[in-house]
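Colleague: What follows is data.cif, mmCIF, C-alpha atoms.
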data_run
loop_
_atom_site.label_atom_id
_atom_site.label_comp_id
_atom_site.auth_asym_id
_atom_site.auth_seq_id
_atom_site.Cartn_x
_atom_site.Cartn_y
_atom_site.Cartn_z
CA MET A 1 0.00 0.00 0.00
CA LEU A 2 2.59 2.51 1.11
CA ASN A 3 5.15 1.30 -1.39
CA ASN A 4 2.67 1.44 -4.25
CA TYR A 5 1.54 4.92 -3.30
CA LEU A 6 5.12 6.18 -3.11
CA LEU A 7 6.14 4.48 -6.37
CA PHE A 8 3.13 5.46 -8.47
CA GLY A 9 1.94 8.62 -6.74
CA ILE A 10 4.83 10.54 -5.26
CA LEU A 11 7.82 9.74 -7.47
CA PRO A 12 6.07 10.69 -10.77
CA VAL A 13 5.08 14.07 -9.35
CA LEU A 14 8.65 14.67 -8.21
CA SER A 15 9.88 13.68 -11.67
CA ILE A 16 7.44 16.07 -13.34
CA SER A 17 8.66 18.92 -11.16
CA ALA A 18 12.27 17.98 -11.99
CA ILE A 19 11.40 18.17 -15.69
CA LEU A 20 9.78 21.60 -15.23
CA VAL A 21 12.85 22.90 -13.40
CA PHE A 22 15.09 21.47 -16.10
CA ILE A 23 13.15 23.40 -18.74
CA ARG A 24 13.98 26.58 -16.84
CA PHE A 25 17.58 25.37 -16.54
CA LEU A 26 17.79 25.01 -20.31
CA LYS A 27 16.13 28.24 -21.40
CA GLY A 28 16.79 30.56 -18.45
CA PRO A 29 17.76 33.92 -19.86
CA TYR A 30 20.41 34.75 -17.25
CA THR A 31 23.18 32.75 -15.65
CA LEU A 32 21.69 33.28 -12.20
CA ASP A 33 18.48 31.61 -13.34
CA ARG A 34 20.55 28.55 -14.10
CA VAL A 35 22.22 28.74 -10.70
CA VAL A 36 18.84 28.80 -8.94
CA SER A 37 17.57 25.97 -11.14
CA LEU A 38 20.62 23.85 -10.36
CA ASP A 39 20.15 24.41 -6.64
CA PHE A 40 16.49 23.43 -6.90
CA LEU A 41 17.30 20.37 -9.05
CA ILE A 42 19.65 19.09 -6.37
CA ASN A 43 16.96 19.72 -3.74
CA ILE A 44 14.48 17.64 -5.75
CA GLY A 45 17.16 14.96 -5.98
CA ILE A 46 17.40 14.91 -2.20
CA GLY A 47 13.64 14.40 -2.01
CA ILE A 48 13.76 11.58 -4.56
CA ILE A 49 16.56 9.89 -2.60
CA ALA A 50 14.52 10.09 0.62
CA ILE A 51 11.44 8.58 -1.04
CA TYR A 52 13.57 5.88 -2.65
CA SER A 53 15.10 4.97 0.68
CA ILE A 54 11.58 4.41 2.03
CA VAL A 55 10.64 2.28 -1.00
CA THR A 56 13.69 0.03 -0.83
CA ASP A 57 13.84 0.06 2.99
CA HIS A 58 17.53 0.99 2.99
CA SER A 59 18.43 3.92 5.18
CA ALA A 60 22.00 4.16 3.82
CA PHE A 61 20.85 6.35 0.92
CA LEU A 62 20.30 9.24 3.30
CA ASP A 63 24.08 9.75 3.58
CA VAL A 64 24.10 10.64 -0.10
CA ALA A 65 21.27 13.11 0.53
CA MET A 66 23.31 14.83 3.22
CA ILE A 67 26.36 15.18 0.98
CA LEU A 68 24.16 16.52 -1.83
CA ALA A 69 22.75 19.19 0.47
CA LEU A 70 26.29 20.32 1.28
CA ILE A 71 27.31 20.41 -2.38
CA ALA A 72 24.24 22.39 -3.45
CA PHE A 73 24.97 25.10 -0.90
CA LEU A 74 28.64 25.31 -1.86
CA GLY A 75 27.79 25.48 -5.55
CA SER A 76 25.30 28.30 -5.33
CA ILE A 77 27.53 30.31 -2.97
CA ALA A 78 30.58 29.92 -5.23
CA PHE A 79 28.67 30.80 -8.39
CA SER A 80 27.11 33.92 -6.92
CA TYR A 81 30.41 35.05 -5.36
CA TYR A 82 32.35 34.81 -8.58
CA LEU A 83 29.57 36.32 -10.69
CA GLU A 84 29.56 39.29 -8.33
CA GLN A 85 33.33 39.70 -8.38
CA ARG A 86 33.27 39.71 -12.17
CA GLY A 87 31.28 42.93 -12.28
CA LYS A 88 33.41 44.67 -9.65
CA ARG A 89 35.94 47.33 -10.47
CA MET B 1 -2.00 4.41 11.00
CA MET B 2 1.65 5.29 10.62
CA ASP B 3 1.39 4.61 6.89
CA ILE B 4 -1.36 7.20 6.56
CA ILE B 5 0.72 9.81 8.38
CA ILE B 6 3.74 9.08 6.18
CA MET B 7 1.59 9.28 3.04
CA ALA B 8 0.10 12.59 4.14
CA MET B 9 3.49 14.13 4.94
CA THR B 10 5.14 13.06 1.71
CA SER B 11 2.10 14.23 -0.27
CA ILE B 12 2.21 17.69 1.29
CA GLY B 13 5.95 17.98 0.68
CA THR B 14 5.63 16.85 -2.92
CA LEU B 15 2.82 19.33 -3.53
CA PHE B 16 5.00 22.16 -2.23
CA ILE B 17 7.85 21.10 -4.49
CA LEU B 18 5.53 20.87 -7.50
CA ILE B 19 4.11 24.33 -6.81
CA ALA B 20 7.63 25.72 -6.55
CA ALA B 21 8.58 24.12 -9.87
CA VAL B 22 5.51 25.56 -11.60
CA GLY B 23 6.33 28.96 -10.12
CA LEU B 24 9.89 28.70 -11.38
CA ILE B 25 8.49 28.22 -14.87
CA ARG B 26 5.70 30.79 -14.76
CA MET B 27 7.05 33.78 -12.84
CA PRO B 28 8.00 36.75 -15.04
CA ASP B 29 11.01 38.08 -13.15
CA PHE B 30 14.23 36.70 -11.71
CA PHE B 31 13.56 38.01 -8.21
CA LEU B 32 10.05 36.54 -8.16
CA ARG B 33 11.44 33.21 -9.30
CA LEU B 34 14.06 33.27 -6.55
CA SER B 35 11.48 34.16 -3.93
CA VAL B 36 9.16 31.35 -5.02
CA THR B 37 11.79 28.67 -5.22
CA ILE B 38 13.83 28.87 -2.05
CA LYS B 39 11.05 29.00 0.53
CA ALA B 40 8.69 26.44 -0.97
CA ALA B 41 11.43 23.93 -1.73
CA THR B 42 12.78 24.12 1.81
CA LEU B 43 9.36 23.51 3.34
CA GLY B 44 8.60 20.63 0.97
CA LEU B 45 11.90 18.92 1.65
CA GLY B 46 11.31 19.32 5.37
CA PHE B 47 7.99 17.48 5.07
CA ILE B 48 9.48 14.67 2.98
CA MET B 49 12.37 14.26 5.41
CA GLY B 50 9.92 14.15 8.32
CA GLY B 51 8.05 11.35 6.59
CA THR B 52 11.30 9.44 6.14
CA ALA B 53 12.13 9.78 9.82
CA LEU B 54 8.66 8.53 10.76
CA TYR B 55 9.02 5.49 8.49
CA PHE B 56 12.31 4.23 9.87
CA LEU B 57 11.94 5.24 13.54
CA GLU B 58 15.60 4.58 14.34
CA PHE B 59 17.95 6.85 16.19
CA SER B 60 20.60 7.04 13.48
CA VAL B 61 18.11 7.83 10.71
CA THR B 62 16.40 10.47 12.78
CA ALA B 63 19.73 12.09 13.55
CA LYS B 64 20.64 12.16 9.86
CA VAL B 65 17.25 13.58 8.89
CA THR B 66 17.48 16.24 11.58
CA ALA B 67 20.94 17.20 10.35
CA ILE B 68 19.67 17.53 6.76
CA ILE B 69 16.66 19.65 7.78
CA PHE B 70 18.79 21.86 10.04
CA PHE B 71 21.37 22.35 7.32
CA LEU B 72 18.70 23.23 4.74
CA LEU B 73 17.05 25.70 7.09
CA ILE B 74 20.38 27.40 7.72
CA THR B 75 21.74 27.47 4.19
CA ALA B 76 18.62 28.36 2.18
CA PRO B 77 18.40 32.00 3.40
CA VAL B 78 22.15 32.50 3.05
CA SER B 79 22.29 31.29 -0.54
CA GLY B 80 19.10 33.16 -1.41
CA HIS B 81 20.54 36.38 -0.05
CA MET B 82 23.83 35.91 -1.88
CA ILE B 83 22.13 35.17 -5.20
CA GLY B 84 19.71 38.10 -4.88
CA ARG B 85 22.53 40.45 -3.95
CA THR B 86 24.56 39.34 -6.94
CA ALA B 87 21.55 39.78 -9.19
CA TYR B 88 20.97 43.32 -7.98
CA PHE B 89 24.64 44.24 -8.30
CA THR B 90 24.97 42.94 -11.82
CA GLY B 91 22.01 45.04 -12.91
CA MET B 92 19.27 42.46 -13.31
CA LYS B 93 16.15 44.07 -14.75
CA LEU B 94 13.05 44.22 -12.58
CA TRP B 95 9.64 43.22 -13.83
CA LYS B 96 7.72 46.01 -15.53
CA GLY B 97 4.92 45.71 -12.96
CA THR B 98 7.24 46.33 -10.00
CA ILE B 99 6.04 49.37 -8.09
CA LEU B 100 8.73 49.78 -5.43
CA ASP B 101 12.51 49.46 -5.54
CA GLU B 102 13.81 50.53 -2.16
CA LEU B 103 17.46 50.04 -3.06
CA LYS B 104 17.32 52.37 -6.04
CA GLY B 105 20.21 54.82 -5.92
CA LYS B 106 21.64 53.49 -2.69
CA TYR B 107 24.06 51.00 -4.16
CA ASP B 108 27.01 52.08 -6.18
CA ARG B 109 27.16 49.58 -9.00
CA LYS B 110 30.86 50.20 -9.65
CA THR B 111 32.36 49.86 -6.19
CA HIS B 112 29.55 47.81 -4.63
CA SER B 113 29.28 50.17 -1.67
CA LEU B 114 26.15 51.03 0.28
CA THR B 115 24.89 54.51 1.15
CA SER B 116 21.83 55.66 3.05
CA ASP B 117 19.44 58.46 2.20
CA GLY B 118 21.11 61.56 3.63
CA ASP B 119 24.69 60.83 2.62
CA ASP B 120 26.68 63.02 0.37
CA PRO B 121 27.78 60.89 -2.57
CA SER B 122 31.28 62.40 -2.46
CA GLU B 123 31.83 61.13 1.09
CA ARG B 124 30.88 57.62 0.20
CA THR B 125 32.20 55.02 2.57
CA PRO B 126 34.48 52.30 1.30
CA PRO B 127 32.83 48.95 0.61
CA VAL B 128 31.02 47.78 3.69
CA ASP B 129 31.77 44.12 3.39
CA GLU B 130 34.22 42.38 1.21
CA LEU B 131 32.33 39.12 0.86
#
Kindly transcribe the structure held in the file into structure tokens.
Modeller:
Amino acid sequence: MLNNYLLFGILPVLSISAILVFIRFLKGPYTLDRVVSLDFLINIGIGIIAIYSIVTDHSAFLDVAMILALIAFLGSIAFSYYLEQRGKR
Amino acid sequence: MMDIIIMAMTSIGTLFILIAAVGLIRMPDFFLRLSVTIKAATLGLGFIMGGTALYFLEFSVTAKVTAIIFFLLITAPVSGHMIGRTAYFTGMKLWKGTILDELKGKYDRKTHSLTSDGDDPSERTPPVDEL
């Protein structure tokens, strides 16, 4: 019951939202749009990993989710820092 | 009973993430897109992580989930502020329907320094923060 609901109800909705964010990632007019989209894509990936760890009953996948949260933060901070320094005189 | 609670929590979190994704597509302006994304995604992930903690009910999993939620709650405002600041500095255009820009004329785009209302522009302070 729970597994079927998560597999056929939750994961497709998360995939649809990942596809929508990826459309913005492809066509976003500015670089910062792409930075925000990348951050959000990694966040959706964390959600998918959490749901998948419930489905397969393995809690070890949550370590990957923690590392991904760290990397998303570092990525967006580094991108915004260097994009700001580029315009500075 | 626990299954129903887990299903409800993951459904609410997924709905928040879906709404944030639709807003990221539909919003007309960069700042509106940023404002939609960061808050809704953080709340949705918090709900999904809470459902995961309720499913496993072990100490180690709960500690990991709490660490992830805590880290997201700390880092989401910081990265949102940095990205918005960079967008304003690099001269991102506002939406044509924007009626108020409180930072207009207070930032020097060249030196990235901040002034308040009554300051003389010739006595502009050096850059407030180097980060």
Colleague: Residues near Lys27 (chain A), anyone? I mean within 12 Å using all atoms listed in the file, not counting same-chain ones fewer than 5 positions away, as a PDB file with C-alpha atoms, in the coordinates of the input.
Modeller:
ATOM      1  CA  LEU A  20       9.780  21.600 -15.230  1.00  0.00           C
ATOM      2  CA  VAL A  21      12.850  22.900 -13.400  1.00  0.00           C
ATOM      3  CA  PHE A  22      15.090  21.470 -16.100  1.00  0.00           C
ATOM      4  CA  LEU A  32      21.690  33.280 -12.200  1.00  0.00           C
ATOM      5  CA  ASP A  33      18.480  31.610 -13.340  1.00  0.00           C
ATOM      6  CA  ARG A  34      20.550  28.550 -14.100  1.00  0.00           C
ATOM      7  CA  SER A  37      17.570  25.970 -11.140  1.00  0.00           C
TER       8      SER A  37
ATOM      9  CA  LEU B  24       9.890  28.700 -11.380  1.00  0.00           C
ATOM     10  CA  ILE B  25       8.490  28.220 -14.870  1.00  0.00           C
TER      11      ILE B  25
END
Colleague: Quick one: of B:Gly91, B:Lys106, B:Val78, B:Ile68, who's nearest to Leu68 (chain A), counting only C-alpha atoms?
Modeller: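 Nearest candidate to Leu68 (chain A) out of B:Gly91, B:Lys106, B:Val78, B:Ile68: B:Ile68.
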Colleague: So which residues get picked by the PyMOL selection byres ((chain A) within 7 of (chain B)) here, written as a PyMOL selection string?
Modeller: chain A and resi 2+10+14+17+20-21+24+33+36+47+50+54+59+66+73+76-77+80+83-84+87-89
Colleague: Could you dump the residues just selected with C-alpha atoms as a short mmCIF file (atom, residue, chain, number, x, y, z; two decimals), in the frame of the given file?
Modeller:
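Okay, this is what ended up in part_14.cif:
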data_model
loop_
_atom_site.label_atom_id
_atom_site.label_comp_id
_atom_site.auth_asym_id
_atom_site.auth_seq_id
_atom_site.Cartn_x
_atom_site.Cartn_y
_atom_site.Cartn_z
CA LEU A 2 2.59 2.51 1.11
CA ILE A 10 4.83 10.54 -5.26
CA LEU A 14 8.65 14.67 -8.21
CA SER A 17 8.66 18.92 -11.16
CA LEU A 20 9.78 21.60 -15.23
CA VAL A 21 12.85 22.90 -13.40
CA ARG A 24 13.98 26.58 -16.84
CA ASP A 33 18.48 31.61 -13.34
CA VAL A 36 18.84 28.80 -8.94
CA GLY A 47 13.64 14.40 -2.01
CA ALA A 50 14.52 10.09 0.62
CA ILE A 54 11.58 4.41 2.03
CA SER A 59 18.43 3.92 5.18
CA MET A 66 23.31 14.83 3.22
CA PHE A 73 24.97 25.10 -0.90
CA SER A 76 25.30 28.30 -5.33
CA ILE A 77 27.53 30.31 -2.97
CA SER A 80 27.11 33.92 -6.92
CA LEU A 83 29.57 36.32 -10.69
CA GLU A 84 29.56 39.29 -8.33
CA GLY A 87 31.28 42.93 -12.28
CA LYS A 88 33.41 44.67 -9.65
CA ARG A 89 35.94 47.33 -10.47
#
Colleague: Taking the file as shown, find all residues satisfying the PyMOL selection byres ((chain A and resi 4) around 12) and write them as a list in words.
Modeller: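 Listing what the PyMOL selection byres ((chain A and resi 4) around 12) selects in the shown file: Met1, Leu2, Asn3, Tyr5, Leu6, Leu7, Phe8, Gly9, Ile10, Leu11, Pro12, Ile51, Tyr52, Ile54, Val55 and Thr56 of chain A; Asp3 and Met7 of chain B.
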Colleague: Using all atoms of region 56-71 of chain B listed in the file and a margin of 3 Å per side, can you give the axis-aligned box centre and edge lengths in Å to one decimal, as JSON?
Modeller:
{"center_x": 16.7, "center_y": 13.3, "center_z": 11.5, "size_x": 15.4, "size_y": 24.1, "size_z": 15.4}
Colleague: If you measure from CA of Leu26 (chain A) to CA of Ala72 (chain A), what distance in Å do you get, rounded to one decimal?
Modeller: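 That distance, rounded to one decimal, is 18.2 Å.
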Colleague: Which is closest to Gly75 (chain A) among A:Val35, A:Ser53, A:Pro29, A:Asn43, if we use only C-alpha atoms?
Modeller: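 Once distances to Gly75 (chain A) are computed over only C-alpha atoms, the minimum belongs to A:Val35.
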Colleague: For Ile16 (chain A), which residue among A:Ala78, A:Ile49, A:Tyr30, A:Leu41 is the nearest when counting all atoms listed in the file?
Modeller: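 Closest residue, counting all atoms listed in the file: A:Leu41.
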Colleague: What gap, in Å, lies between CA of Tyr82 (chain A) and CA of Ser113 (chain B)?
Modeller: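 Computing the Euclidean distance for CA of Tyr82 (chain A) and CA of Ser113 (chain B) yields 17.1 Å.
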Colleague: Separation of CA of Ile23 (chain A) and CA of Ser35 (chain B), in Å?
Modeller: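 A separation of 18.4 Å between them.
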